[in-house]
Amino acid sequence: MLQKLILLFTLAAACALAQSRVYELRTYHVYEGKLEALKANFRDHHIATFKRHGIESIGYWVPQDPEFAKNTLIYLLAHPSRAAAEKNWADFRKDPEFLKVAAESEKNGKIVEKVESVYLDPTDFSPLK
């Protein structure tokens with residue numbers, strides 16, 4: 001009986017956690033010729049640093065439209081909650097590895113021109129919760 005109660009409590013906690021999960025859609029617009037440098041930063045450094053700070057990577061894309069494909073990176077993240085997202089980002093921005101990578105990659109000028117961020121809640125019919 002105790003095992004069933006523990007299982008029920010665990011499932012209820014998991015459901016509550018899943019319901020508070022928040023997604024973040026981020027769009028990076030980079031200066032001309034800087035997209036490959038940005039992609040390398042994510043591929044080689046940032047994704048691992050995100051993980052250490054509780055930021056879950058869902059996917060990364062570049063637009064198919066040729067005009068936007070040369071200077072835009074779009075990605076989707078997940079956080080346990082909006083409050084957790086804010087804490088995760090604050091911790092990420094202070095991370096020594098991130099600061100080192102950012103400084104090294106911007107020796108020849110800034111990479112990112114503009115960042116757009118939108119927090120999202122899934123609809124009741126969304127397959128991604």
# chains A, B, ... in the order shown; residues from 1 in each chain; ligands from 1

call {"tool": "closest_atom_pairs", "arguments": {"of": "region 11-57 of chain A", "to": "region 85-97 of chain A", "cutoff": "7 Å", "atoms": "only C-alpha atoms", "output": "JSON lines"}}
result
{"residue": "A:Phe50", "atom": "CA", "partner": "A:Phe92", "partner_atom": "CA", "distance": 6.9}
{"residue": "A:His53", "atom": "CA", "partner": "A:Asn88", "partner_atom": "CA", "distance": 5.5}
{"residue": "A:Gly54", "atom": "CA", "partner": "A:Asn88", "partner_atom": "CA", "distance": 6.3}
{"residue": "A:Ile55", "atom": "CA", "partner": "A:Asn88", "partner_atom": "CA", "distance": 6.6}

call {"tool": "write_last_selection", "arguments": {"atoms": "N, CA and C atoms", "output": "mmCIF file, in the first residue's frame"}}
result
data_model
loop_
_atom_site.group_PDB
_atom_site.id
_atom_site.type_symbol
_atom_site.label_atom_id
_atom_site.label_comp_id
_atom_site.auth_asym_id
_atom_site.auth_seq_id
_atom_site.Cartn_x
_atom_site.Cartn_y
_atom_site.Cartn_z
ATOM 1 N N PHE A 50 24.204 25.383 -21.297
ATOM 2 C CA PHE A 50 22.767 25.434 -21.024
ATOM 3 C C PHE A 50 22.370 24.270 -20.120
ATOM 4 N N HIS A 53 22.995 24.476 -16.554
ATOM 5 C CA HIS A 53 22.183 25.464 -15.847
ATOM 6 C C HIS A 53 20.685 25.178 -15.947
ATOM 7 N N GLY A 54 20.323 23.937 -16.310
ATOM 8 C CA GLY A 54 18.919 23.537 -16.315
ATOM 9 C C GLY A 54 18.124 24.025 -17.502
ATOM 10 N N ILE A 55 18.807 24.471 -18.559
ATOM 11 C CA ILE A 55 18.135 24.940 -19.770
ATOM 12 C C ILE A 55 18.135 23.782 -20.764
#

call {"tool": "residues_around", "arguments": {"residues": "Asp44 (chain A)", "least_positions_apart": "6", "cutoff": "12 Å", "atoms": "only C-alpha atoms", "output": "ChimeraX atom specification"}}
result
/A:36-38,50,97-98,101,105

call {"tool": "residues_around", "arguments": {"residues": "region 19-31 of chain A", "least_positions_apart": "5", "cutoff": "9 Å", "atoms": "only C-alpha atoms", "output": "PyMOL selection string"}}
result
chain A and resi 14+38+68+70-82+85+110-122+129

call {"tool": "write_last_selection", "arguments": {"atoms": "C-alpha atoms", "output": "mmCIF file, in the first residue's frame"}}
result
data_model
loop_
_atom_site.group_PDB
_atom_site.id
_atom_site.type_symbol
_atom_site.label_atom_id
_atom_site.label_comp_id
_atom_site.auth_asym_id
_atom_site.auth_seq_id
_atom_site.Cartn_x
_atom_site.Cartn_y
_atom_site.Cartn_z
ATOM 1 C CA ALA A 14 5.476 14.840 -12.253
ATOM 2 C CA LEU A 38 27.384 31.803 -33.676
ATOM 3 C CA PHE A 68 17.023 35.283 -43.468
ATOM 4 C CA LYS A 70 22.363 34.036 -43.823
ATOM 5 C CA ASN A 71 21.895 35.906 -40.548
ATOM 6 C CA THR A 72 19.249 34.186 -38.371
ATOM 7 C CA LEU A 73 19.327 31.355 -35.840
ATOM 8 C CA ILE A 74 16.071 30.262 -34.210
ATOM 9 C CA TYR A 75 15.899 27.852 -31.314
ATOM 10 C CA LEU A 76 13.461 26.440 -28.805
ATOM 11 C CA LEU A 77 14.273 25.827 -25.144
ATOM 12 C CA ALA A 78 12.332 24.403 -22.212
ATOM 13 C CA HIS A 79 12.484 25.438 -18.572
ATOM 14 C CA PRO A 80 10.712 23.996 -15.516
ATOM 15 C CA SER A 81 8.944 27.367 -15.018
ATOM 16 C CA ARG A 82 9.223 31.039 -15.943
ATOM 17 C CA ALA A 85 14.063 30.352 -16.758
ATOM 18 C CA LYS A 110 30.201 41.611 -32.025
ATOM 19 C CA ILE A 111 28.379 38.580 -33.431
ATOM 20 C CA VAL A 112 24.791 39.110 -32.317
ATOM 21 C CA GLU A 113 22.952 42.204 -33.478
ATOM 22 C CA LYS A 114 19.563 41.478 -31.876
ATOM 23 C CA VAL A 115 17.923 38.789 -29.736
ATOM 24 C CA GLU A 116 14.188 38.167 -29.577
ATOM 25 C CA SER A 117 12.767 35.970 -26.830
ATOM 26 C CA VAL A 118 9.177 34.822 -26.376
ATOM 27 C CA TYR A 119 7.991 32.586 -23.541
ATOM 28 C CA LEU A 120 5.312 30.114 -24.575
ATOM 29 C CA ASP A 121 2.717 27.935 -22.878
ATOM 30 C CA PRO A 122 1.509 24.884 -24.805
ATOM 31 C CA LYS A 129 3.643 19.799 -23.393
#
